[in-house]
Amino acid sequence: MEVIRLKEKVWLASPTIHKEEQEFVQQAFDTNWVSTVGENLEKLEQEVAFYTGNPYAVALSSGTAALHLAVKLAGIGQGDRVFCSDMTFAATVNPVRYEKGNPVFIDSEYDTWNMNPATLEKAFYKYPDTKAVIVVNLYGTPAKLDEIQTICNHYGAVLIEDAAESLGATFRGKQTGSFGKYNVVSFNGNKIITTSGGGMLLTSQEEAAEKARFWSTQAREKAPWYQHKEIGYNYRLSNILAGIGRGQMLYLEEHKALKKEIYLRYKKGLENLPVQMNPYLLWSEPNFWLSCLLIKQGCLVTPEKIRRKLERYQIESRPIWKPMHLQPVYKGEEFITEGKEVSTDIFSRGLCLPSDIKMTKEVQEIVIEIIKSCFG
């Protein structure tokens with residue numbers, strides 16, 4: 001194909017900032033509330049809690065920090081087993097190791113690319129005393145949350161919903177980030193809304209929220225001097241960054257709509273190729289954080305060929321998350337599957353496509369044409 005010269009690099013997903021963020025941040029400066037207390041922090045917690053349908057929220061320095069505190073709240077300690085989604089970012093699983101627990105990886109299913117409930121049931125049959133399950137909503141697509149929730153309830157396991165990528169997505173009309181006993185969202189710079197860096201723990205339990213808030217501020221006891229009976233962490237979000245989040249929340253629905261347009265444009269533009277887009281259930285509504293393709297089995301074109309060609313035109317794409325059971329750091333940890341390794345297969349045939357909402361329709365059409373040329 002002819003040489004295409006783009007004016008700017010096309011990113012996978014980058015922050016989109018509006019004027020309101022600066023106004024809330026300026027408010028923090030004007031009132032001198034620039035640390036880990038202030039109106040922005042309180043308001044952001046209230047807004048996200050209300051939006052997701054959780055009574056309580058604790059704003060933290062990252063989604064990983066929120067996951068860590070969720071794992072602590074679930075009582076995970078030395079040798080405790082936790083069932084985890086296999087296809088995810090390492091931050092989902094690392095907190096289990098922080099607390100000296102043992103992750104067991106549960107394979108994906110093709111309907112959503114998320115944790116397979118049938119495989120989870122198989123895992124519980126083998127290890128019925130497992131304390132907790134961490135389920136991920138991959139790329140903003142809800143897992144089969146009702147089935148997974150039912151299984152956890154049956155076995156008395158704590159469900160932690162890793163909704164880091166799925167803020168704004170719904171399952172049977174209910175917001176993700178509200179199905180677990182403890183739920184986590186991320187405000188990292190590439191997420192659908194951002195605080196530049198940050199996250200939030202969401203729960204229906206007041207006592208748990210207060211405990212998380214206590215741990216996140218170094219577990220300082222109520223005393224005139226610095227008194228500590230427990231190990232704490234410097235995990236609280238700052239009032240300045242919370243101001244960015246308040247401005248971003250005003251545009252969450254707009255960002256979702258733009259992400260969906262990108263997904264549908266890819267689906268239409270690539271429909272005659274031997275590929276399919278990342279799937280979702282009819283009774284769910286993803287937030288379409290990242291649009292991904294899966295090359296059909298038997299096709300000689302590889303995701304790496306497409307990625308490298310896009311890269312030559314300064315267009316960022318990225319492989320699907322490498323499954324946790326294939327990561328060197330987790331070598332030797334148990335992986336439970338139904339026979340065929342679905343997560344491994346998706347990883348080998350999948351690619352995340354540029355899904356930046358600042359990408360124009362015209363630029364996306366160029367991306368689509370470049371992808372088509374790989375099959376030509």
# chains A, B, ... in the order shown; residues from 1 in each chain; ligands from 1
$ residues_around --residues "A:Val82" --least-positions-apart "4" --cutoff "8 Å" --atoms "only C-alpha atoms" --output "PyMOL selection string"
chain A and resi 96+101-104+130-134
$ write_last_selection --atoms "N, CA, C and O atoms" --output "PDB file, in the first residue's frame"
ATOM      1  N   VAL A  96      -2.075 -11.030  45.978  1.00  0.00           N
ATOM      2  CA  VAL A  96      -2.193 -12.321  46.668  1.00  0.00           C
ATOM      3  C   VAL A  96      -0.835 -12.726  47.222  1.00  0.00           C
ATOM      4  O   VAL A  96      -0.720 -13.183  48.362  1.00  0.00           O
ATOM      5  N   GLY A 101      -0.294 -15.401  49.983  1.00  0.00           N
ATOM      6  CA  GLY A 101      -1.266 -16.384  49.542  1.00  0.00           C
ATOM      7  C   GLY A 101      -0.786 -17.110  48.297  1.00  0.00           C
ATOM      8  O   GLY A 101       0.241 -16.759  47.707  1.00  0.00           O
ATOM      9  N   ASN A 102      -1.553 -18.109  47.870  1.00  0.00           N
ATOM     10  CA  ASN A 102      -1.213 -18.904  46.696  1.00  0.00           C
ATOM     11  C   ASN A 102      -2.277 -18.730  45.619  1.00  0.00           C
ATOM     12  O   ASN A 102      -3.413 -19.187  45.783  1.00  0.00           O
ATOM     13  N   PRO A 103      -1.937 -18.065  44.511  1.00  0.00           N
ATOM     14  CA  PRO A 103      -2.907 -17.941  43.433  1.00  0.00           C
ATOM     15  C   PRO A 103      -3.059 -19.245  42.664  1.00  0.00           C
ATOM     16  O   PRO A 103      -2.076 -19.968  42.444  1.00  0.00           O
ATOM     17  N   VAL A 104      -4.279 -19.560  42.290  1.00  0.00           N
ATOM     18  CA  VAL A 104      -4.577 -20.667  41.379  1.00  0.00           C
ATOM     19  C   VAL A 104      -5.304 -20.050  40.191  1.00  0.00           C
ATOM     20  O   VAL A 104      -6.312 -19.359  40.373  1.00  0.00           O
ATOM     21  N   THR A 130     -11.292 -22.984  49.474  1.00  0.00           N
ATOM     22  CA  THR A 130     -10.635 -21.779  48.959  1.00  0.00           C
ATOM     23  C   THR A 130     -11.338 -20.535  49.482  1.00  0.00           C
ATOM     24  O   THR A 130     -12.568 -20.432  49.452  1.00  0.00           O
ATOM     25  N   LYS A 131     -10.550 -19.571  49.941  1.00  0.00           N
ATOM     26  CA  LYS A 131     -11.109 -18.415  50.647  1.00  0.00           C
ATOM     27  C   LYS A 131     -11.691 -17.341  49.747  1.00  0.00           C
ATOM     28  O   LYS A 131     -12.626 -16.642  50.131  1.00  0.00           O
ATOM     29  N   ALA A 132     -11.113 -17.129  48.567  1.00  0.00           N
ATOM     30  CA  ALA A 132     -11.507 -15.972  47.769  1.00  0.00           C
ATOM     31  C   ALA A 132     -11.334 -16.241  46.281  1.00  0.00           C
ATOM     32  O   ALA A 132     -10.557 -17.111  45.864  1.00  0.00           O
ATOM     33  N   VAL A 133     -12.073 -15.456  45.504  1.00  0.00           N
ATOM     34  CA  VAL A 133     -11.992 -15.480  44.038  1.00  0.00           C
ATOM     35  C   VAL A 133     -11.805 -14.049  43.561  1.00  0.00           C
ATOM     36  O   VAL A 133     -12.524 -13.141  43.999  1.00  0.00           O
ATOM     37  N   ILE A 134     -10.841 -13.833  42.674  1.00  0.00           N
ATOM     38  CA  ILE A 134     -10.665 -12.519  42.035  1.00  0.00           C
ATOM     39  C   ILE A 134     -11.004 -12.678  40.566  1.00  0.00           C
ATOM     40  O   ILE A 134     -10.294 -13.357  39.817  1.00  0.00           O
TER      41      ILE A 134
END
$ closest_atom_pairs --of "stretch 85-149 of chain A" --to "stretch 280-292 of chain A" --cutoff "6 Å" --atoms "only C-alpha atoms" --output "Markdown table"
| residue | atom | partner | partner_atom | distance |
| --- | --- | --- | --- | --- |
| A:Thr112 | CA | A:Tyr280 | CA | 5.1 |
| A:Tyr139 | CA | A:Leu290 | CA | 5.4 |
| A:Gly140 | CA | A:Trp289 | CA | 5.2 |
| A:Thr141 | CA | A:Pro286 | CA | 4.6 |
$ select_by_dssp --residues "stretch 121-196 of chain A" --states "alpha helix (DSSP H)" --output "PyMOL selection string"
chain A and resi 121-126+145-155
$ write_last_selection --atoms "N, CA and C atoms" --output "compact mmCIF listing (two decimals), in the first residue's frame"
# COMPACT_ATOMS: atom_id res chain seq x y z
N GLU A 121 -16.07 -23.82 38.96
CA GLU A 121 -16.77 -24.88 39.70
C GLU A 121 -15.87 -26.10 39.85
N LYS A 122 -15.16 -26.44 38.80
CA LYS A 122 -14.21 -27.56 38.84
C LYS A 122 -13.12 -27.31 39.88
N ALA A 123 -12.65 -26.08 39.93
CA ALA A 123 -11.60 -25.73 40.89
C ALA A 123 -12.11 -25.85 42.32
N PHE A 124 -13.34 -25.41 42.57
CA PHE A 124 -13.91 -25.52 43.92
C PHE A 124 -14.16 -26.98 44.31
N TYR A 125 -14.47 -27.80 43.31
CA TYR A 125 -14.67 -29.22 43.61
C TYR A 125 -13.37 -29.83 44.12
N LYS A 126 -12.26 -29.34 43.55
CA LYS A 126 -10.94 -29.83 43.97
C LYS A 126 -10.48 -29.19 45.28
N LEU A 145 -20.84 -12.67 35.63
CA LEU A 145 -20.76 -12.31 37.04
C LEU A 145 -21.83 -12.97 37.89
N ASP A 146 -23.02 -13.20 37.33
CA ASP A 146 -24.07 -13.83 38.11
C ASP A 146 -23.71 -15.28 38.45
N GLU A 147 -23.19 -16.01 37.47
CA GLU A 147 -22.81 -17.39 37.71
C GLU A 147 -21.64 -17.49 38.69
N ILE A 148 -20.68 -16.62 38.52
CA ILE A 148 -19.50 -16.63 39.40
C ILE A 148 -19.89 -16.25 40.82
N GLN A 149 -20.77 -15.27 40.94
CA GLN A 149 -21.26 -14.85 42.26
C GLN A 149 -21.99 -16.00 42.96
N THR A 150 -22.82 -16.72 42.21
CA THR A 150 -23.56 -17.85 42.78
C THR A 150 -22.63 -18.95 43.26
N ILE A 151 -21.60 -19.24 42.49
CA ILE A 151 -20.63 -20.27 42.88
C ILE A 151 -19.90 -19.86 44.16
N CYS A 152 -19.47 -18.60 44.22
CA CYS A 152 -18.77 -18.12 45.41
C CYS A 152 -19.67 -18.20 46.64
N ASN A 153 -20.93 -17.82 46.48
CA ASN A 153 -21.87 -17.89 47.61
C ASN A 153 -22.04 -19.32 48.09
N HIS A 154 -22.11 -20.24 47.15
CA HIS A 154 -22.31 -21.66 47.50
C HIS A 154 -21.16 -22.19 48.34
N TYR A 155 -19.95 -21.78 48.01
CA TYR A 155 -18.76 -22.28 48.71
C TYR A 155 -18.29 -21.36 49.83
$ residues_around --residues "stretch 13-18 of chain A" --least-positions-apart "6" --cutoff "10 Å" --atoms "only C-alpha atoms" --output "count of residues only"
26
$ residues_around --residues "stretch 40-52 of chain A" --least-positions-apart "3" --cutoff "9 Å" --atoms "only C-alpha atoms" --output "MDAnalysis selection string"
chainID A and resid 24:25 27:28 33 36:37 55:59 167:168 174:178 200 202:203 237:246 249
$ write_last_selection --atoms "N, CA, C and O atoms" --output "compact mmCIF listing (two decimals), in the first residue's frame"
# COMPACT_ATOMS: atom_id res chain seq x y z
N PHE A 24 -11.25 21.99 39.17
CA PHE A 24 -11.26 21.29 40.46
C PHE A 24 -9.86 21.24 41.08
O PHE A 24 -9.71 21.37 42.30
N VAL A 25 -8.85 21.06 40.25
CA VAL A 25 -7.47 21.06 40.76
C VAL A 25 -7.11 22.44 41.31
O VAL A 25 -6.50 22.57 42.37
N GLN A 27 -9.12 24.55 42.53
CA GLN A 27 -9.84 24.69 43.79
C GLN A 27 -9.03 24.11 44.95
O GLN A 27 -8.98 24.68 46.05
N ALA A 28 -8.37 22.98 44.70
CA ALA A 28 -7.53 22.37 45.73
C ALA A 28 -6.37 23.29 46.11
O ALA A 28 -6.04 23.45 47.29
N TRP A 33 -5.78 22.63 50.11
CA TRP A 33 -5.97 21.22 50.41
C TRP A 33 -5.31 20.42 49.28
O TRP A 33 -5.95 20.02 48.33
N THR A 36 -3.74 14.49 51.22
CA THR A 36 -4.66 13.35 51.11
C THR A 36 -5.97 13.55 51.86
O THR A 36 -6.61 12.58 52.27
N VAL A 37 -6.36 14.79 52.05
CA VAL A 37 -7.68 15.13 52.56
C VAL A 37 -8.20 16.32 51.77
O VAL A 37 -7.42 17.08 51.21
N PRO A 55 -22.47 1.58 48.61
CA PRO A 55 -22.62 2.56 49.69
C PRO A 55 -21.31 3.24 50.09
O PRO A 55 -21.33 4.38 50.55
N TYR A 56 -20.18 2.54 49.92
CA TYR A 56 -18.93 3.07 50.44
C TYR A 56 -17.81 2.97 49.40
O TYR A 56 -17.76 2.03 48.62
N ALA A 57 -16.92 3.97 49.44
CA ALA A 57 -15.79 4.01 48.53
C ALA A 57 -14.57 4.60 49.24
O ALA A 57 -14.72 5.50 50.06
N VAL A 58 -13.41 4.09 48.89
CA VAL A 58 -12.15 4.60 49.44
C VAL A 58 -11.21 4.88 48.27
O VAL A 58 -10.80 3.95 47.56
N ALA A 59 -10.90 6.14 48.05
CA ALA A 59 -10.03 6.53 46.93
C ALA A 59 -8.57 6.28 47.31
O ALA A 59 -8.10 6.72 48.37
N LEU A 167 -15.09 0.26 34.45
CA LEU A 167 -15.97 1.29 35.02
C LEU A 167 -16.96 1.78 33.96
O LEU A 167 -16.57 2.17 32.87
N GLY A 168 -18.23 1.73 34.30
CA GLY A 168 -19.27 2.16 33.35
C GLY A 168 -19.93 1.02 32.62
O GLY A 168 -21.01 1.19 32.03
N LYS A 174 -26.90 -3.90 35.87
CA LYS A 174 -26.21 -3.50 37.11
C LYS A 174 -24.77 -3.13 36.79
O LYS A 174 -24.11 -3.81 36.00
N GLN A 175 -24.27 -2.07 37.42
CA GLN A 175 -22.92 -1.61 37.17
C GLN A 175 -21.89 -2.64 37.63
O GLN A 175 -22.01 -3.23 38.70
N THR A 176 -20.86 -2.85 36.79
CA THR A 176 -19.73 -3.64 37.27
C THR A 176 -19.04 -2.85 38.38
O THR A 176 -19.20 -1.64 38.52
N GLY A 177 -18.28 -3.58 39.18
CA GLY A 177 -17.70 -2.95 40.36
C GLY A 177 -18.67 -2.94 41.53
O GLY A 177 -18.48 -2.21 42.50
N SER A 178 -19.73 -3.77 41.44
CA SER A 178 -20.71 -3.84 42.53
C SER A 178 -21.14 -5.28 42.82
O SER A 178 -22.03 -5.50 43.63
N MET A 200 -9.78 2.89 43.30
CA MET A 200 -10.79 3.00 44.35
C MET A 200 -11.25 1.62 44.78
O MET A 200 -11.43 0.72 43.94
N LEU A 202 -14.40 -0.30 46.47
CA LEU A 202 -15.83 -0.11 46.61
C LEU A 202 -16.42 -1.29 47.36
O LEU A 202 -16.06 -2.45 47.11
N THR A 203 -17.35 -1.02 48.27
CA THR A 203 -17.93 -2.08 49.07
C THR A 203 -19.27 -1.64 49.65
O THR A 203 -19.57 -0.45 49.73
N LEU A 237 -5.26 8.46 47.95
CA LEU A 237 -5.23 9.36 46.79
C LEU A 237 -5.13 10.81 47.28
O LEU A 237 -5.67 11.15 48.33
N SER A 238 -4.47 11.66 46.52
CA SER A 238 -4.36 13.06 46.91
C SER A 238 -5.60 13.84 46.48
O SER A 238 -6.28 13.48 45.51
N ASN A 239 -5.86 14.94 47.17
CA ASN A 239 -6.99 15.81 46.85
C ASN A 239 -6.82 16.46 45.47
O ASN A 239 -7.80 16.74 44.79
N ILE A 240 -5.57 16.69 45.06
CA ILE A 240 -5.32 17.26 43.73
C ILE A 240 -5.74 16.28 42.65
O ILE A 240 -6.49 16.62 41.72
N LEU A 241 -5.27 15.02 42.76
CA LEU A 241 -5.62 14.02 41.75
C LEU A 241 -7.11 13.70 41.76
O LEU A 241 -7.70 13.43 40.72
N ALA A 242 -7.71 13.77 42.94
CA ALA A 242 -9.16 13.56 43.02
C ALA A 242 -9.90 14.64 42.25
O ALA A 242 -10.98 14.39 41.69
N GLY A 243 -9.33 15.83 42.18
CA GLY A 243 -9.93 16.90 41.38
C GLY A 243 -9.97 16.53 39.91
O GLY A 243 -10.96 16.81 39.21
N ILE A 244 -8.91 15.92 39.42
CA ILE A 244 -8.92 15.44 38.03
C ILE A 244 -10.04 14.43 37.85
O ILE A 244 -10.79 14.47 36.87
N GLY A 245 -10.16 13.52 38.81
CA GLY A 245 -11.20 12.50 38.73
C GLY A 245 -12.61 13.08 38.71
O GLY A 245 -13.48 12.59 37.98
N ARG A 246 -12.86 14.13 39.50
CA ARG A 246 -14.19 14.75 39.52
C ARG A 246 -14.53 15.34 38.15
O ARG A 246 -15.66 15.20 37.67
N MET A 249 -15.29 12.40 35.75
CA MET A 249 -16.59 11.75 35.95
C MET A 249 -17.70 12.43 35.16
O MET A 249 -18.67 11.78 34.75
$ closest_residue --among "A:Phe375, A:Tyr110, A:Phe335, A:Tyr313" --to "A:Ser85" --atoms "only C-alpha atoms"
A:Phe335
$ residues_around --residues "A:Phe347" --least-positions-apart "6" --cutoff "8 Å" --atoms "only C-alpha atoms" --output "VMD selection string"
chain A and resid 319 to 323
$ write_last_selection --atoms "all heavy atoms" --output "PDB file, in the first residue's frame"
ATOM      1  N   PRO A 319      -0.218  -6.750  22.211  1.00  0.00           N
ATOM      2  CA  PRO A 319      -0.730  -8.122  22.370  1.00  0.00           C
ATOM      3  C   PRO A 319      -1.749  -8.207  23.501  1.00  0.00           C
ATOM      4  O   PRO A 319      -1.751  -7.391  24.425  1.00  0.00           O
ATOM      5  CB  PRO A 319       0.537  -8.930  22.710  1.00  0.00           C
ATOM      6  CG  PRO A 319       1.663  -8.126  22.144  1.00  0.00           C
ATOM      7  CD  PRO A 319       1.254  -6.687  22.310  1.00  0.00           C
ATOM      8  N   ILE A 320      -2.601  -9.203  23.398  1.00  0.00           N
ATOM      9  CA  ILE A 320      -3.532  -9.511  24.489  1.00  0.00           C
ATOM     10  C   ILE A 320      -2.711  -9.832  25.745  1.00  0.00           C
ATOM     11  O   ILE A 320      -1.565 -10.274  25.667  1.00  0.00           O
ATOM     12  CB  ILE A 320      -4.398 -10.733  24.093  1.00  0.00           C
ATOM     13  CG1 ILE A 320      -5.222 -10.431  22.819  1.00  0.00           C
ATOM     14  CG2 ILE A 320      -5.306 -11.164  25.232  1.00  0.00           C
ATOM     15  CD1 ILE A 320      -6.269  -9.370  22.982  1.00  0.00           C
ATOM     16  N   TRP A 321      -3.301  -9.594  26.933  1.00  0.00           N
ATOM     17  CA  TRP A 321      -2.596  -9.928  28.169  1.00  0.00           C
ATOM     18  C   TRP A 321      -2.055 -11.354  28.110  1.00  0.00           C
ATOM     19  O   TRP A 321      -2.801 -12.303  27.831  1.00  0.00           O
ATOM     20  CB  TRP A 321      -3.528  -9.824  29.377  1.00  0.00           C
ATOM     21  CG  TRP A 321      -4.048  -8.467  29.730  1.00  0.00           C
ATOM     22  CD1 TRP A 321      -5.362  -8.113  29.879  1.00  0.00           C
ATOM     23  CD2 TRP A 321      -3.289  -7.287  30.039  1.00  0.00           C
ATOM     24  NE1 TRP A 321      -5.467  -6.803  30.245  1.00  0.00           N
ATOM     25  CE2 TRP A 321      -4.207  -6.262  30.346  1.00  0.00           C
ATOM     26  CE3 TRP A 321      -1.925  -7.006  30.070  1.00  0.00           C
ATOM     27  CZ2 TRP A 321      -3.810  -4.983  30.687  1.00  0.00           C
ATOM     28  CZ3 TRP A 321      -1.521  -5.720  30.402  1.00  0.00           C
ATOM     29  CH2 TRP A 321      -2.462  -4.729  30.714  1.00  0.00           C
ATOM     30  N   LYS A 322      -0.773 -11.508  28.400  1.00  0.00           N
ATOM     31  CA  LYS A 322      -0.193 -12.845  28.471  1.00  0.00           C
ATOM     32  C   LYS A 322      -0.724 -13.537  29.719  1.00  0.00           C
ATOM     33  O   LYS A 322      -0.640 -12.984  30.820  1.00  0.00           O
ATOM     34  CB  LYS A 322       1.336 -12.757  28.527  1.00  0.00           C
ATOM     35  CG  LYS A 322       2.021 -14.114  28.510  1.00  0.00           C
ATOM     36  CD  LYS A 322       3.536 -13.964  28.476  1.00  0.00           C
ATOM     37  CE  LYS A 322       4.216 -15.322  28.395  1.00  0.00           C
ATOM     38  NZ  LYS A 322       5.695 -15.189  28.336  1.00  0.00           N
ATOM     39  N   PRO A 323      -1.297 -14.729  29.577  1.00  0.00           N
ATOM     40  CA  PRO A 323      -1.890 -15.404  30.741  1.00  0.00           C
ATOM     41  C   PRO A 323      -0.906 -15.541  31.899  1.00  0.00           C
ATOM     42  O   PRO A 323       0.296 -15.726  31.711  1.00  0.00           O
ATOM     43  CB  PRO A 323      -2.271 -16.782  30.179  1.00  0.00           C
ATOM     44  CG  PRO A 323      -2.514 -16.525  28.725  1.00  0.00           C
ATOM     45  CD  PRO A 323      -1.488 -15.491  28.330  1.00  0.00           C
TER      46      PRO A 323
END
$ select_by_dssp --residues "stretch 22-238 of chain A" --states "strand (DSSP E)" --output "ChimeraX atom specification"
/A:56-60,81-85,102-106,132-136,158-162,170-171,174-175,182-186,199-203
$ residues_around --residues "A:Ile295" --least-positions-apart "3" --cutoff "8 Å" --atoms "only C-alpha atoms" --output "MDAnalysis selection string"
chainID A and resid 274:276 299 301:303 349:350
$ write_last_selection --atoms "N, CA and C atoms" --output "compact mmCIF listing (two decimals), in the first residue's frame"
# COMPACT_ATOMS: atom_id res chain seq x y z
N PRO A 274 -10.73 -12.62 8.10
CA PRO A 274 -10.85 -13.79 8.99
C PRO A 274 -10.52 -13.42 10.44
N VAL A 275 -11.26 -12.45 10.97
CA VAL A 275 -11.07 -12.00 12.35
C VAL A 275 -12.43 -11.78 12.99
N GLN A 276 -12.45 -11.72 14.31
CA GLN A 276 -13.64 -11.30 15.04
C GLN A 276 -13.22 -10.35 16.14
N CYS A 299 -5.56 -19.28 10.06
CA CYS A 299 -5.09 -18.15 9.25
C CYS A 299 -3.59 -17.99 9.46
N VAL A 301 -1.83 -15.24 8.96
CA VAL A 301 -1.48 -13.93 9.48
C VAL A 301 -1.44 -14.00 11.01
N THR A 302 -0.41 -13.41 11.60
CA THR A 302 -0.25 -13.44 13.05
C THR A 302 -0.51 -12.05 13.64
N PRO A 303 -0.88 -12.00 14.92
CA PRO A 303 -1.02 -10.69 15.57
C PRO A 303 0.26 -9.87 15.51
N ARG A 349 -3.65 -15.55 19.37
CA ARG A 349 -4.35 -15.07 18.17
C ARG A 349 -4.93 -13.66 18.30
N GLY A 350 -4.75 -13.03 19.47
CA GLY A 350 -5.42 -11.75 19.72
C GLY A 350 -4.50 -10.55 19.67
$ atom_distance --atom1 "atom CA of A:Ile371" --atom2 "atom CA of A:Glu271"
11.8 Å
$ closest_residue --among "A:Asn114, A:Thr119, A:Ala65, A:Ile76" --to "A:Phe187" --atoms "only C-alpha atoms"
A:Ala65
$ closest_residue --among "A:Leu351, A:Ile306, A:Val185, A:Leu270" --to "A:Glu365" --atoms "only C-alpha atoms"
A:Leu270
$ residues_around --residues "A:Val342" --least-positions-apart "3" --cutoff "7 Å" --atoms "only C-alpha atoms" --output "VMD selection string"
chain A and resid 107 to 109 345 to 346
$ write_last_selection --atoms "C-alpha atoms" --output "PDB file, in the first residue's frame"
ATOM      1  CA  ASP A 107      -8.904 -20.520  32.487  1.00  0.00           C
ATOM      2  CA  SER A 108     -10.979 -18.226  30.276  1.00  0.00           C
ATOM      3  CA  GLU A 109     -13.981 -18.994  28.080  1.00  0.00           C
ATOM      4  CA  ASP A 345      -5.216 -19.644  22.514  1.00  0.00           C
ATOM      5  CA  ILE A 346      -6.662 -16.130  22.773  1.00  0.00           C
TER       6      ILE A 346
END
$ closest_residue --among "A:Ala164, A:Tyr263, A:Met324, A:Gln314" --to "A:Lys7" --atoms "only C-alpha atoms"
A:Gln314
$ closest_residue --among "A:Ile231, A:Leu138, A:Ile370, A:Leu120" --to "A:Arg307" --atoms "only C-alpha atoms"
A:Ile370
$ atom_distance --atom1 "atom CA of A:Gly199" --atom2 "atom CA of A:Arg236"
9.4 Å
